[in-house]
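Asks: my_file-v3.cif is the file, holding mmCIF, C-alpha atoms:
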data_my_file
#
loop_
_atom_site.group_PDB
_atom_site.id
_atom_site.type_symbol
_atom_site.label_atom_id
_atom_site.label_comp_id
_atom_site.auth_asym_id
_atom_site.auth_seq_id
_atom_site.Cartn_x
_atom_site.Cartn_y
_atom_site.Cartn_z
ATOM 1 C CA MET A 1 20.456 7.975 -11.517
ATOM 2 C CA LYS A 2 19.403 10.584 -8.961
ATOM 3 C CA GLY A 3 19.301 9.297 -5.404
ATOM 4 C CA PRO A 4 18.539 5.813 -4.122
ATOM 5 C CA LEU A 5 15.979 3.216 -5.132
ATOM 6 C CA PHE A 6 12.580 3.395 -3.470
ATOM 7 C CA TYR A 7 10.644 0.185 -2.928
ATOM 8 C CA SER A 8 7.032 -0.887 -3.287
ATOM 9 C CA LYS A 9 4.970 -1.694 -0.194
ATOM 10 C CA ILE A 10 2.213 -4.016 0.928
ATOM 11 C CA LEU A 11 -0.471 -2.979 3.374
ATOM 12 C CA LEU A 12 -0.961 -6.338 5.085
ATOM 13 C CA PHE A 13 -3.887 -5.139 7.195
ATOM 14 C CA GLY A 14 -5.871 -1.936 7.418
ATOM 15 C CA GLU A 15 -7.261 -1.303 3.908
ATOM 16 C CA TYR A 16 -10.294 1.011 4.293
ATOM 17 C CA GLY A 17 -10.221 0.494 8.069
ATOM 18 C CA ILE A 18 -7.407 3.028 8.549
ATOM 19 C CA ILE A 19 -9.680 5.693 7.042
ATOM 20 C CA LYS A 20 -11.821 5.121 10.148
ATOM 21 C CA ASP A 21 -9.002 4.671 12.679
ATOM 22 C CA SER A 22 -8.437 0.930 12.647
ATOM 23 C CA LYS A 23 -4.940 -0.413 13.163
ATOM 24 C CA GLY A 24 -2.836 -1.097 10.095
ATOM 25 C CA LEU A 25 0.445 -2.763 9.210
ATOM 26 C CA SER A 26 2.438 -1.857 6.145
ATOM 27 C CA ILE A 27 5.669 -3.581 5.073
ATOM 28 C CA PRO A 28 8.207 -2.764 2.328
ATOM 29 C CA TYR A 29 8.203 -5.144 -0.622
ATOM 30 C CA ASN A 30 11.647 -5.097 -2.224
ATOM 31 C CA PHE A 31 10.637 -7.083 -5.304
ATOM 32 C CA TYR A 32 9.663 -3.824 -7.079
ATOM 33 C CA ASN A 33 11.399 -0.461 -6.988
ATOM 34 C CA GLY A 34 11.843 2.853 -8.749
ATOM 35 C CA ALA A 35 14.319 5.731 -9.017
ATOM 36 C CA LEU A 36 14.594 9.111 -10.725
ATOM 37 C CA LYS A 37 16.821 9.045 -13.795
ATOM 38 C CA VAL A 38 18.072 11.479 -16.396
ATOM 39 C CA GLU A 39 18.880 10.189 -19.856
ATOM 40 C CA LYS A 40 19.516 12.067 -23.063
ATOM 41 C CA GLU A 41 17.944 9.434 -25.327
ATOM 42 C CA SER A 42 14.559 8.725 -23.845
ATOM 43 C CA SER A 43 11.989 6.071 -24.653
ATOM 44 C CA GLU A 44 8.240 6.691 -25.035
ATOM 45 C CA LYS A 45 7.718 5.448 -21.471
ATOM 46 C CA ALA A 46 10.335 7.896 -20.172
ATOM 47 C CA LYS A 47 8.743 10.806 -22.086
ATOM 48 C CA LYS A 48 5.321 9.978 -20.653
ATOM 49 C CA SER A 49 6.754 9.817 -17.132
ATOM 50 C CA ASN A 50 8.578 13.119 -17.688
ATOM 51 C CA GLU A 51 5.330 14.826 -18.764
ATOM 52 C CA GLY A 52 3.546 13.459 -15.687
ATOM 53 C CA LEU A 53 6.365 14.727 -13.457
ATOM 54 C CA LYS A 54 6.057 18.208 -14.977
ATOM 55 C CA ARG A 55 2.381 18.295 -13.986
ATOM 56 C CA PHE A 56 3.327 17.058 -10.529
ATOM 57 C CA ALA A 57 5.998 19.799 -10.239
ATOM 58 C CA SER A 58 3.355 22.478 -10.974
ATOM 59 C CA TYR A 59 1.187 20.984 -8.229
ATOM 60 C CA LEU A 60 4.085 20.986 -5.738
ATOM 61 C CA GLU A 61 4.664 24.713 -6.332
ATOM 62 C CA ASN A 62 1.271 25.407 -4.749
ATOM 63 C CA ILE A 63 1.634 23.274 -1.608
ATOM 64 C CA ASP A 64 1.485 25.293 1.637
ATOM 65 C CA PRO A 65 5.091 26.480 2.212
ATOM 66 C CA ASP A 66 4.584 26.129 5.992
ATOM 67 C CA LEU A 67 4.175 22.384 5.431
ATOM 68 C CA VAL A 68 7.056 21.743 3.022
ATOM 69 C CA GLN A 69 9.157 23.670 0.514
ATOM 70 C CA PHE A 70 10.829 22.278 -2.588
ATOM 71 C CA ASP A 71 13.722 23.399 -4.716
ATOM 72 C CA ILE A 72 11.376 23.877 -7.673
ATOM 73 C CA GLU A 73 14.092 25.492 -9.819
ATOM 74 C CA ALA A 74 16.314 22.421 -9.537
ATOM 75 C CA LEU A 75 13.337 20.121 -10.144
ATOM 76 C CA ASN A 76 12.259 22.023 -13.279
ATOM 77 C CA ARG A 77 15.847 22.138 -14.531
ATOM 78 C CA ASP A 78 16.166 18.362 -14.210
ATOM 79 C CA LEU A 79 12.778 17.859 -15.861
ATOM 80 C CA GLU A 80 13.887 20.009 -18.805
ATOM 81 C CA GLU A 81 16.842 17.639 -19.158
ATOM 82 C CA GLY A 82 14.397 14.745 -19.492
ATOM 83 C CA MET A 83 14.293 13.358 -15.947
ATOM 84 C CA TYR A 84 11.736 10.593 -15.419
ATOM 85 C CA PHE A 85 10.790 7.969 -12.830
ATOM 86 C CA ASP A 86 12.180 4.614 -13.884
ATOM 87 C CA SER A 87 10.038 2.075 -12.072
ATOM 88 C CA SER A 88 9.277 -1.642 -12.090
ATOM 89 C CA ILE A 89 6.351 -1.086 -9.675
ATOM 90 C CA PRO A 90 3.092 -1.950 -11.484
ATOM 91 C CA GLN A 91 0.572 0.902 -11.471
ATOM 92 C CA GLY A 92 -2.938 0.290 -10.146
ATOM 93 C CA TYR A 93 -1.843 -2.876 -8.330
ATOM 94 C CA GLY A 94 -2.046 -1.729 -4.718
ATOM 95 C CA VAL A 95 1.702 -1.912 -4.095
ATOM 96 C CA GLY A 96 2.459 1.803 -3.935
ATOM 97 C CA SER A 97 3.706 2.983 -7.344
ATOM 98 C CA SER A 98 2.867 6.645 -6.646
ATOM 99 C CA GLY A 99 4.185 6.280 -3.088
ATOM 100 C CA ALA A 100 7.678 5.417 -4.318
ATOM 101 C CA LEU A 101 7.615 8.363 -6.733
ATOM 102 C CA VAL A 102 6.541 10.784 -3.979
ATOM 103 C CA ALA A 103 9.337 9.469 -1.709
ATOM 104 C CA ALA A 104 11.923 9.944 -4.471
ATOM 105 C CA ILE A 105 10.843 13.543 -5.188
ATOM 106 C CA TYR A 106 10.834 14.441 -1.480
ATOM 107 C CA TYR A 107 14.272 12.852 -0.984
ATOM 108 C CA ASN A 108 15.821 14.742 -3.903
ATOM 109 C CA TYR A 109 14.083 18.134 -3.804
ATOM 110 C CA ALA A 110 12.561 18.921 -0.380
ATOM 111 C CA LYS A 111 14.295 21.668 1.576
ATOM 112 C CA ASP A 112 15.058 20.974 5.273
ATOM 113 C CA LYS A 113 13.903 17.397 4.820
ATOM 114 C CA ILE A 114 13.538 14.874 7.614
ATOM 115 C CA THR A 115 16.083 12.152 6.895
ATOM 116 C CA VAL A 116 16.022 8.445 7.611
ATOM 117 C CA LEU A 117 19.178 8.795 9.709
ATOM 118 C CA GLU A 118 17.515 10.990 12.323
ATOM 119 C CA ASN A 119 15.934 9.773 15.521
ATOM 120 C CA LEU A 120 12.464 9.189 14.086
ATOM 121 C CA THR A 121 10.199 10.430 16.845
ATOM 122 C CA ARG A 122 6.432 10.046 16.567
ATOM 123 C CA GLU A 123 6.228 13.786 15.741
ATOM 124 C CA LYS A 124 8.657 13.400 12.841
ATOM 125 C CA LEU A 125 6.808 10.364 11.499
ATOM 126 C CA LEU A 126 3.492 12.213 11.658
ATOM 127 C CA SER A 127 5.043 15.272 10.039
ATOM 128 C CA LEU A 128 6.372 13.116 7.162
ATOM 129 C CA LYS A 129 3.009 11.348 6.825
ATOM 130 C CA THR A 130 1.192 14.723 6.585
ATOM 131 C CA ILE A 131 3.620 16.026 3.949
ATOM 132 C CA PHE A 132 3.373 12.805 1.932
ATOM 133 C CA ALA A 133 -0.440 12.776 2.140
ATOM 134 C CA GLU A 134 -0.508 16.283 0.673
ATOM 135 C CA MET A 135 1.950 15.340 -2.087
ATOM 136 C CA GLU A 136 0.292 12.032 -3.007
ATOM 137 C CA SER A 137 -3.215 13.495 -3.114
ATOM 138 C CA PHE A 138 -2.169 14.774 -6.579
ATOM 139 C CA PHE A 139 -2.492 11.155 -7.766
ATOM 140 C CA HIS A 140 -5.416 9.808 -5.720
ATOM 141 C CA GLY A 141 -7.590 12.750 -4.710
ATOM 142 C CA LYS A 142 -7.173 11.677 -1.071
ATOM 143 C CA SER A 143 -4.147 9.965 0.422
ATOM 144 C CA SER A 144 -3.200 8.770 3.905
ATOM 145 C CA GLY A 145 0.491 9.383 3.139
ATOM 146 C CA LEU A 146 1.366 5.879 4.320
ATOM 147 C CA ASP A 147 2.607 4.455 1.019
ATOM 148 C CA PRO A 148 5.262 7.148 0.510
ATOM 149 C CA LEU A 149 6.200 6.944 4.203
ATOM 150 C CA ASN A 150 6.787 3.222 3.909
ATOM 151 C CA SER A 151 8.758 3.627 0.712
ATOM 152 C CA TYR A 152 10.829 6.504 2.103
ATOM 153 C CA LEU A 153 11.775 4.739 5.336
ATOM 154 C CA SER A 154 11.846 1.193 3.946
ATOM 155 C CA ILE A 155 10.810 -0.261 7.301
ATOM 156 C CA PRO A 156 7.508 -1.753 8.534
ATOM 157 C CA ILE A 157 5.045 0.854 9.805
ATOM 158 C CA LEU A 158 2.488 0.148 12.515
ATOM 159 C CA ILE A 159 -0.586 2.357 12.365
ATOM 160 C CA ASN A 160 -2.278 2.525 15.780
ATOM 161 C CA SER A 161 -4.656 5.295 14.711
ATOM 162 C CA LYS A 162 -4.608 8.329 12.406
ATOM 163 C CA ASP A 163 -2.367 10.324 14.747
ATOM 164 C CA ASN A 164 -0.384 7.476 16.200
ATOM 165 C CA ILE A 165 2.087 5.668 13.951
ATOM 166 C CA GLU A 166 5.419 4.062 14.689
ATOM 167 C CA ALA A 167 8.209 2.165 13.009
ATOM 168 C CA THR A 168 8.004 -1.467 14.065
ATOM 169 C CA GLY A 169 9.749 -4.798 13.744
ATOM 170 C CA ILE A 170 7.964 -7.877 12.428
ATOM 171 C CA PRO A 171 8.720 -11.496 13.367
ATOM 172 C CA ALA A 172 11.567 -12.999 11.347
ATOM 173 C CA GLN A 173 10.449 -15.108 8.421
ATOM 174 C CA GLN A 174 10.693 -18.893 8.634
ATOM 175 C CA SER A 175 12.430 -19.744 5.370
ATOM 176 C CA ASN A 176 11.194 -23.354 5.522
ATOM 177 C CA GLY A 177 7.764 -22.464 6.958
ATOM 178 C CA LYS A 178 4.675 -23.931 5.261
ATOM 179 C CA GLY A 179 2.502 -20.902 6.027
ATOM 180 C CA ALA A 180 2.731 -17.879 3.743
ATOM 181 C CA VAL A 181 1.396 -14.514 2.698
ATOM 182 C CA PHE A 182 1.213 -14.321 -1.097
ATOM 183 C CA LEU A 183 0.051 -12.116 -3.962
ATOM 184 C CA ILE A 184 -2.172 -13.127 -6.877
ATOM 185 C CA ASP A 185 -2.215 -11.028 -10.033
ATOM 186 C CA SER A 186 -5.863 -10.344 -10.903
ATOM 187 C CA GLY A 187 -4.829 -9.411 -14.454
ATOM 188 C CA VAL A 188 -6.691 -6.093 -14.332
ATOM 189 C CA THR A 189 -5.546 -2.730 -12.996
ATOM 190 C CA GLY A 190 -7.511 -1.087 -10.237
ATOM 191 C CA GLU A 191 -8.080 2.607 -9.645
ATOM 192 C CA THR A 192 -8.036 3.915 -6.094
ATOM 193 C CA ALA A 193 -10.304 6.973 -6.420
ATOM 194 C CA PRO A 194 -13.496 5.176 -7.672
ATOM 195 C CA MET A 195 -13.104 2.456 -5.022
ATOM 196 C CA VAL A 196 -12.742 5.021 -2.231
ATOM 197 C CA ARG A 197 -15.838 6.819 -3.590
ATOM 198 C CA ILE A 198 -17.880 3.582 -3.319
ATOM 199 C CA PHE A 199 -16.612 3.129 0.238
ATOM 200 C CA MET A 200 -17.519 6.706 1.212
ATOM 201 C CA GLU A 201 -20.967 6.266 -0.335
ATOM 202 C CA ASN A 202 -21.487 3.073 1.719
ATOM 203 C CA MET A 203 -20.380 4.914 4.859
ATOM 204 C CA LYS A 204 -23.574 6.988 4.641
ATOM 205 C CA GLN A 205 -25.544 3.865 5.637
ATOM 206 C CA GLU A 206 -25.791 3.183 9.356
ATOM 207 C CA GLY A 207 -25.702 -0.603 8.854
ATOM 208 C CA PHE A 208 -22.423 -0.386 6.934
ATOM 209 C CA ARG A 209 -20.891 1.931 9.554
ATOM 210 C CA ASN A 210 -21.839 -0.473 12.346
ATOM 211 C CA MET A 211 -20.449 -3.466 10.422
ATOM 212 C CA LEU A 212 -17.184 -1.563 9.902
ATOM 213 C CA LYS A 213 -16.843 -0.736 13.598
ATOM 214 C CA ASP A 214 -18.123 -3.981 15.156
ATOM 215 C CA GLN A 215 -16.702 -6.509 12.696
ATOM 216 C CA PHE A 216 -14.219 -5.209 10.128
ATOM 217 C CA ILE A 217 -12.135 -3.010 12.435
ATOM 218 C CA LYS A 218 -12.333 -5.518 15.303
ATOM 219 C CA HIS A 219 -10.839 -8.315 13.173
ATOM 220 C CA THR A 220 -8.348 -5.998 11.444
ATOM 221 C CA ASP A 221 -6.962 -4.866 14.822
ATOM 222 C CA ALA A 222 -6.794 -8.482 16.005
ATOM 223 C CA CYS A 223 -4.902 -9.531 12.830
ATOM 224 C CA VAL A 224 -2.292 -6.803 13.362
ATOM 225 C CA GLU A 225 -1.806 -7.879 16.995
ATOM 226 C CA ASP A 226 -1.603 -11.569 16.019
ATOM 227 C CA PHE A 227 0.899 -10.929 13.228
ATOM 228 C CA LEU A 228 3.220 -8.809 15.385
ATOM 229 C CA THR A 229 3.147 -11.239 18.316
ATOM 230 C CA GLY A 230 3.513 -14.291 16.074
ATOM 231 C CA ASN A 231 0.208 -15.817 17.215
ATOM 232 C CA ILE A 232 -0.336 -17.726 13.961
ATOM 233 C CA LYS A 233 -3.325 -19.815 15.061
ATOM 234 C CA SER A 234 -5.311 -16.748 16.078
ATOM 235 C CA LEU A 235 -4.077 -14.841 12.997
ATOM 236 C CA PHE A 236 -5.639 -17.348 10.607
ATOM 237 C CA LYS A 237 -8.884 -17.389 12.573
ATOM 238 C CA ASN A 238 -9.159 -13.602 12.363
ATOM 239 C CA THR A 239 -7.998 -13.465 8.725
ATOM 240 C CA LYS A 240 -10.782 -15.911 7.818
ATOM 241 C CA GLN A 241 -13.356 -13.647 9.470
ATOM 242 C CA LEU A 242 -11.895 -10.632 7.674
ATOM 243 C CA SER A 243 -12.005 -12.454 4.327
ATOM 244 C CA LYS A 244 -15.660 -13.341 4.921
ATOM 245 C CA ILE A 245 -16.601 -9.756 5.860
ATOM 246 C CA VAL A 246 -14.904 -8.405 2.710
ATOM 247 C CA LEU A 247 -16.734 -10.906 0.497
ATOM 248 C CA ASN A 248 -20.071 -9.942 2.043
ATOM 249 C CA HIS A 249 -19.659 -6.176 2.282
ATOM 250 C CA PHE A 250 -16.934 -5.091 -0.170
ATOM 251 C CA LYS A 251 -17.995 -7.049 -3.272
ATOM 252 C CA PRO A 252 -17.528 -4.136 -5.744
ATOM 253 C CA MET A 253 -13.847 -3.995 -4.727
ATOM 254 C CA ILE A 254 -13.309 -7.672 -5.667
ATOM 255 C CA PRO A 255 -12.943 -8.370 -9.413
ATOM 256 C CA ALA A 256 -15.974 -10.499 -10.438
ATOM 257 C CA GLN A 257 -13.912 -13.491 -11.600
ATOM 258 C CA PHE A 258 -12.542 -13.844 -8.035
ATOM 259 C CA HIS A 259 -15.848 -14.078 -6.151
ATOM 260 C CA GLU A 260 -15.940 -17.896 -6.473
ATOM 261 C CA LEU A 261 -12.239 -18.343 -5.658
ATOM 262 C CA TRP A 262 -12.732 -16.169 -2.596
ATOM 263 C CA LYS A 263 -15.660 -18.279 -1.431
ATOM 264 C CA ASN A 264 -13.804 -21.499 -2.198
ATOM 265 C CA GLY A 265 -10.934 -20.504 0.108
ATOM 266 C CA LEU A 266 -13.357 -19.863 2.960
ATOM 267 C CA GLU A 267 -15.062 -23.233 2.429
ATOM 268 C CA THR A 268 -11.914 -25.373 2.094
ATOM 269 C CA ASN A 269 -9.655 -23.386 4.502
ATOM 270 C CA GLU A 270 -6.807 -23.914 2.008
ATOM 271 C CA TYR A 271 -6.279 -20.156 1.721
ATOM 272 C CA TYR A 272 -8.008 -16.879 2.632
ATOM 273 C CA LEU A 273 -8.070 -13.894 0.293
ATOM 274 C CA LYS A 274 -8.205 -10.212 1.154
ATOM 275 C CA LEU A 275 -7.857 -6.877 -0.602
ATOM 276 C CA CYS A 276 -4.403 -5.516 -1.335
ATOM 277 C CA GLY A 277 -4.865 -1.765 -1.143
ATOM 278 C CA SER A 278 -8.175 -0.393 -2.395
ATOM 279 C CA GLY A 279 -9.019 -3.370 -4.640
ATOM 280 C CA GLY A 280 -10.914 -3.175 -7.914
ATOM 281 C CA GLY A 281 -8.064 -5.048 -9.598
ATOM 282 C CA GLY A 282 -4.304 -5.242 -9.229
ATOM 283 C CA TYR A 283 -3.022 -7.710 -6.673
ATOM 284 C CA ILE A 284 -5.109 -9.753 -4.270
ATOM 285 C CA LEU A 285 -3.485 -10.732 -0.994
ATOM 286 C CA GLY A 286 -3.639 -14.339 0.189
ATOM 287 C CA PHE A 287 -2.904 -16.067 3.501
ATOM 288 C CA THR A 288 -2.372 -19.806 3.796
ATOM 289 C CA GLU A 289 -1.203 -22.298 6.417
ATOM 290 C CA ASP A 290 0.085 -24.573 3.649
ATOM 291 C CA ILE A 291 1.519 -22.868 0.575
ATOM 292 C CA GLU A 292 1.701 -26.112 -1.445
ATOM 293 C CA LYS A 293 -2.019 -26.740 -0.943
ATOM 294 C CA ALA A 294 -2.794 -23.142 -1.860
ATOM 295 C CA LYS A 295 -0.695 -23.435 -5.044
ATOM 296 C CA GLN A 296 -2.650 -26.537 -6.082
ATOM 297 C CA ALA A 297 -6.009 -24.924 -5.332
ATOM 298 C CA LEU A 298 -4.982 -21.785 -7.248
ATOM 299 C CA SER A 299 -3.065 -23.568 -9.998
ATOM 300 C CA ASP A 300 -4.465 -21.244 -12.702
ATOM 301 C CA TYR A 301 -2.641 -18.337 -11.077
ATOM 302 C CA LYS A 302 0.961 -17.467 -10.388
ATOM 303 C CA LEU A 303 1.489 -16.910 -6.665
ATOM 304 C CA GLU A 304 4.191 -14.520 -5.441
ATOM 305 C CA VAL A 305 5.178 -15.359 -1.860
ATOM 306 C CA VAL A 306 5.955 -12.231 0.151
ATOM 307 C CA TYR A 307 6.344 -13.681 3.651
ATOM 308 C CA ASN A 308 6.785 -17.164 5.159
ATOM 309 C CA PHE A 309 5.513 -18.279 8.564
#
Represent the structure from my file as structure tokens, please.
Replies:
Amino acid sequence: MKGPLFYSKILLFGEYGIIKDSKGLSIPYNFYNGALKVEKESSEKAKKSNEGLKRFASYLENIDPDLVQFDIEALNRDLEEGMYFDSSIPQGYGVGSSGALVAAIYYNYAKDKITVLENLTREKLLSLKTIFAEMESFFHGKSSGLDPLNSYLSIPILINSKDNIEATGIPAQQSNGKGAVFLIDSGVTGETAPMVRIFMENMKQEGFRNMLKDQFIKHTDACVEDFLTGNIKSLFKNTKQLSKIVLNHFKPMIPAQFHELWKNGLETNEYYLKLCGSGGGGYILGFTEDIEKAKQALSDYKLEVVYNF
């Protein structure tokens, strides 16, 4: 294995909003991870990953050398030996599969890299985010760079605005707490690029832009504040509003079979659903004040708890 494991991430708040300068909060999710490996006898999956990495290596050769430089010779040498990215992170699920890969390549092959052991000033964090955005845009067309940043640092990241990010602490989990953040597997993979295109198309309408500013971003910012300060009562109030706004204005991003479940949560207050990443499939994020009630209401689905209140 080359280098350490890199973990998946969950953007708790900020999907779409961070494109327009809302706050955001991203946390590492250690349930899934990936690492670069070299093996002589490779499986079909490893061969496919190796081919993808070769295309990525060609892309990296053309990145502005003033931004970041890679040891392309070493990378190509390892790729010729069959190196691949061995990952348990599901692709198209909104938990940062390409982010972990980008972090692993930067860690192993970037020259003069910024390391996790340094004093991570705001400038260094922004510099890393810019580099990662450029690298990850190979996979998504447009990237914020946050997923790889989260994976690389393996600590929660608070996004105050596009140019203002910081490492942050989050309240300790209550292991016996009834409240929880959970994931539901929608059973279909989502693709980021088409979802972002729909969003950008909607942004051309004044009504949508106003809704984003006056409602979506307002409640997103409030949720981030509530979560970090541990104000659970207010958090659930704002999450409910956010869930409602998404159901009304981001319907194409919600898989059709979840429209009723979404509505049901808002009506019963047993749980509130929101997008995990760009939506369109993959995981859906859920918030509940009583995980047992939520499990009963969503008994057709397997819930993965990621945080307990």
Asks: Can you list, as a PDB file with C-alpha atoms, in the frame of the given file, every protein, DNA or RNA residue that comes within 12 Å of A:Lys237 when you count all atoms listed in the file, leaving out same-chain residues fewer than 6 positions away?
Replies:
ATOM      1  CA  HIS A 219     -10.839  -8.315  13.173  1.00  0.00           C
ATOM      2  CA  THR A 220      -8.348  -5.998  11.444  1.00  0.00           C
ATOM      3  CA  ALA A 222      -6.794  -8.482  16.005  1.00  0.00           C
ATOM      4  CA  CYS A 223      -4.902  -9.531  12.830  1.00  0.00           C
ATOM      5  CA  ASP A 226      -1.603 -11.569  16.019  1.00  0.00           C
ATOM      6  CA  PHE A 227       0.899 -10.929  13.228  1.00  0.00           C
ATOM      7  CA  ASN A 231       0.208 -15.817  17.215  1.00  0.00           C
ATOM      8  CA  SER A 243     -12.005 -12.454   4.327  1.00  0.00           C
ATOM      9  CA  LYS A 244     -15.660 -13.341   4.921  1.00  0.00           C
ATOM     10  CA  LEU A 266     -13.357 -19.863   2.960  1.00  0.00           C
ATOM     11  CA  ASN A 269      -9.655 -23.386   4.502  1.00  0.00           C
ATOM     12  CA  TYR A 271      -6.279 -20.156   1.721  1.00  0.00           C
ATOM     13  CA  TYR A 272      -8.008 -16.879   2.632  1.00  0.00           C
ATOM     14  CA  PHE A 287      -2.904 -16.067   3.501  1.00  0.00           C
ATOM     15  CA  THR A 288      -2.372 -19.806   3.796  1.00  0.00           C
ATOM     16  CA  GLU A 289      -1.203 -22.298   6.417  1.00  0.00           C
TER      17      GLU A 289
END
Asks: Dump as a PDB file with C-alpha atoms, in the coordinates of the input all residues having an atom at most 12 Å from (3.0, 22.9, -5.6), computed in the file's coordinates with all atoms listed in the file.
Replies:
ATOM      1  CA  LEU A  53       6.365  14.727 -13.457  1.00  0.00           C
ATOM      2  CA  LYS A  54       6.057  18.208 -14.977  1.00  0.00           C
ATOM      3  CA  ARG A  55       2.381  18.295 -13.986  1.00  0.00           C
ATOM      4  CA  PHE A  56       3.327  17.058 -10.529  1.00  0.00           C
ATOM      5  CA  ALA A  57       5.998  19.799 -10.239  1.00  0.00           C
ATOM      6  CA  SER A  58       3.355  22.478 -10.974  1.00  0.00           C
ATOM      7  CA  TYR A  59       1.187  20.984  -8.229  1.00  0.00           C
ATOM      8  CA  LEU A  60       4.085  20.986  -5.738  1.00  0.00           C
ATOM      9  CA  GLU A  61       4.664  24.713  -6.332  1.00  0.00           C
ATOM     10  CA  ASN A  62       1.271  25.407  -4.749  1.00  0.00           C
ATOM     11  CA  ILE A  63       1.634  23.274  -1.608  1.00  0.00           C
ATOM     12  CA  ASP A  64       1.485  25.293   1.637  1.00  0.00           C
ATOM     13  CA  PRO A  65       5.091  26.480   2.212  1.00  0.00           C
ATOM     14  CA  LEU A  67       4.175  22.384   5.431  1.00  0.00           C
ATOM     15  CA  VAL A  68       7.056  21.743   3.022  1.00  0.00           C
ATOM     16  CA  GLN A  69       9.157  23.670   0.514  1.00  0.00           C
ATOM     17  CA  PHE A  70      10.829  22.278  -2.588  1.00  0.00           C
ATOM     18  CA  ASP A  71      13.722  23.399  -4.716  1.00  0.00           C
ATOM     19  CA  ILE A  72      11.376  23.877  -7.673  1.00  0.00           C
ATOM     20  CA  LEU A  75      13.337  20.121 -10.144  1.00  0.00           C
ATOM     21  CA  ALA A 110      12.561  18.921  -0.380  1.00  0.00           C
ATOM     22  CA  ILE A 131       3.620  16.026   3.949  1.00  0.00           C
ATOM     23  CA  GLU A 134      -0.508  16.283   0.673  1.00  0.00           C
ATOM     24  CA  MET A 135       1.950  15.340  -2.087  1.00  0.00           C
ATOM     25  CA  GLU A 136       0.292  12.032  -3.007  1.00  0.00           C
ATOM     26  CA  SER A 137      -3.215  13.495  -3.114  1.00  0.00           C
ATOM     27  CA  PHE A 138      -2.169  14.774  -6.579  1.00  0.00           C
TER      28      PHE A 138
END
Asks: Using Å and a single decimal, report how far atom CA of A:Leu183 sits from atom CA of A:Glu304.
Replies: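 Separation of atom CA of A:Glu304 and atom CA of A:Leu183: 5.0 Å.
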Asks: Between A:Ala46, A:Leu303, A:Leu120, A:Val181, single out the one closest to A:Ile232, counting all atoms listed in the file.
Replies: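 Under the stated criterion, the closest residue is A:Val181.
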Asks: Please expand the PyMOL selection byres ((chain A and resi 175-179) around 6) into the concrete residues it hits in this file, giving the result as a JSON list (two decimals) with C-alpha atoms, in the coordinates of the input.
Replies:
[["chain", "number", "residue", "atom", "x", "y", "z"],
["A", 173, "GLN", "CA", 10.45, -15.11, 8.42],
["A", 174, "GLN", "CA", 10.69, -18.89, 8.63],
["A", 180, "ALA", "CA", 2.73, -17.88, 3.74],
["A", 288, "THR", "CA", -2.37, -19.81, 3.80],
["A", 289, "GLU", "CA", -1.20, -22.30, 6.42],
["A", 290, "ASP", "CA", 0.08, -24.57, 3.65],
["A", 291, "ILE", "CA", 1.52, -22.87, 0.57],
["A", 308, "ASN", "CA", 6.78, -17.16, 5.16],
["A", 309, "PHE", "CA", 5.51, -18.28, 8.56]]
Asks: Decode the PyMOL selection byres ((chain A and resi 86) around 7) for the given file into explicit residues and return them as a list in words.
Replies: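 Output from the PyMOL selection byres ((chain A and resi 86) around 7), applied to this file: Gly34, Ala35, Leu36, Lys37, Tyr84, Phe85 and Ser87 of chain A.
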Asks: Would you work out the distance separating atom CA of A:Gln257 from atom CA of A:Ile198, expressed in Å to one decimal?
Replies: 19.4 Å
Asks: Taking the file above as input, evaluate the PyMOL selection byres ((chain A and resi 185-197) around 7) and report the hits as an mmCIF file with C-alpha atoms, in the frame of the given file.
Replies:
data_model
loop_
_atom_site.group_PDB
_atom_site.id
_atom_site.type_symbol
_atom_site.label_atom_id
_atom_site.label_comp_id
_atom_site.auth_asym_id
_atom_site.auth_seq_id
_atom_site.Cartn_x
_atom_site.Cartn_y
_atom_site.Cartn_z
ATOM 1 C CA GLY A 92 -2.938 0.290 -10.146
ATOM 2 C CA TYR A 93 -1.843 -2.876 -8.330
ATOM 3 C CA HIS A 140 -5.416 9.808 -5.720
ATOM 4 C CA GLY A 141 -7.590 12.750 -4.710
ATOM 5 C CA LEU A 183 0.051 -12.116 -3.962
ATOM 6 C CA ILE A 184 -2.172 -13.127 -6.877
ATOM 7 C CA ILE A 198 -17.880 3.582 -3.319
ATOM 8 C CA PHE A 199 -16.612 3.129 0.238
ATOM 9 C CA MET A 200 -17.519 6.706 1.212
ATOM 10 C CA GLU A 201 -20.967 6.266 -0.335
ATOM 11 C CA MET A 253 -13.847 -3.995 -4.727
ATOM 12 C CA SER A 278 -8.175 -0.393 -2.395
ATOM 13 C CA GLY A 279 -9.019 -3.370 -4.640
ATOM 14 C CA GLY A 280 -10.914 -3.175 -7.914
ATOM 15 C CA GLY A 281 -8.064 -5.048 -9.598
ATOM 16 C CA GLY A 282 -4.304 -5.242 -9.229
ATOM 17 C CA TYR A 283 -3.022 -7.710 -6.673
ATOM 18 C CA ILE A 284 -5.109 -9.753 -4.270
#
Asks: Could you jot down the atom CA of A:Asn150 to atom CA of A:Gly230 separation for me, Å, one decimal place?
Replies: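 Atom CA of A:Gly230 lies 21.6 Å from atom CA of A:Asn150.
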Asks: Taking into account only C-alpha atoms, which residue in the set A:Asp221, A:Ala297, A:Leu247, A:Tyr7 is nearest to A:His259?
Replies: A:Leu247
Asks: Please list, as a PyMOL selection string, the residues that have an atom at most 7 Å away from (-0.8, -3.3, 6.3) in the coordinates of this file, counting all atoms listed in the file.
Replies: chain A and resi 10-14+24-27
Asks: With only C-alpha atoms as the atoms that count, which of A:Ile165, A:Leu298, A:Val95, A:Ile245 lies nearest to A:Asn264?
Replies: A:Leu298
Asks: Pick from A:Thr229, A:Glu51, A:Val246, A:Val224: nearest to A:Phe208, with only C-alpha atoms counted?
Replies: A:Val246
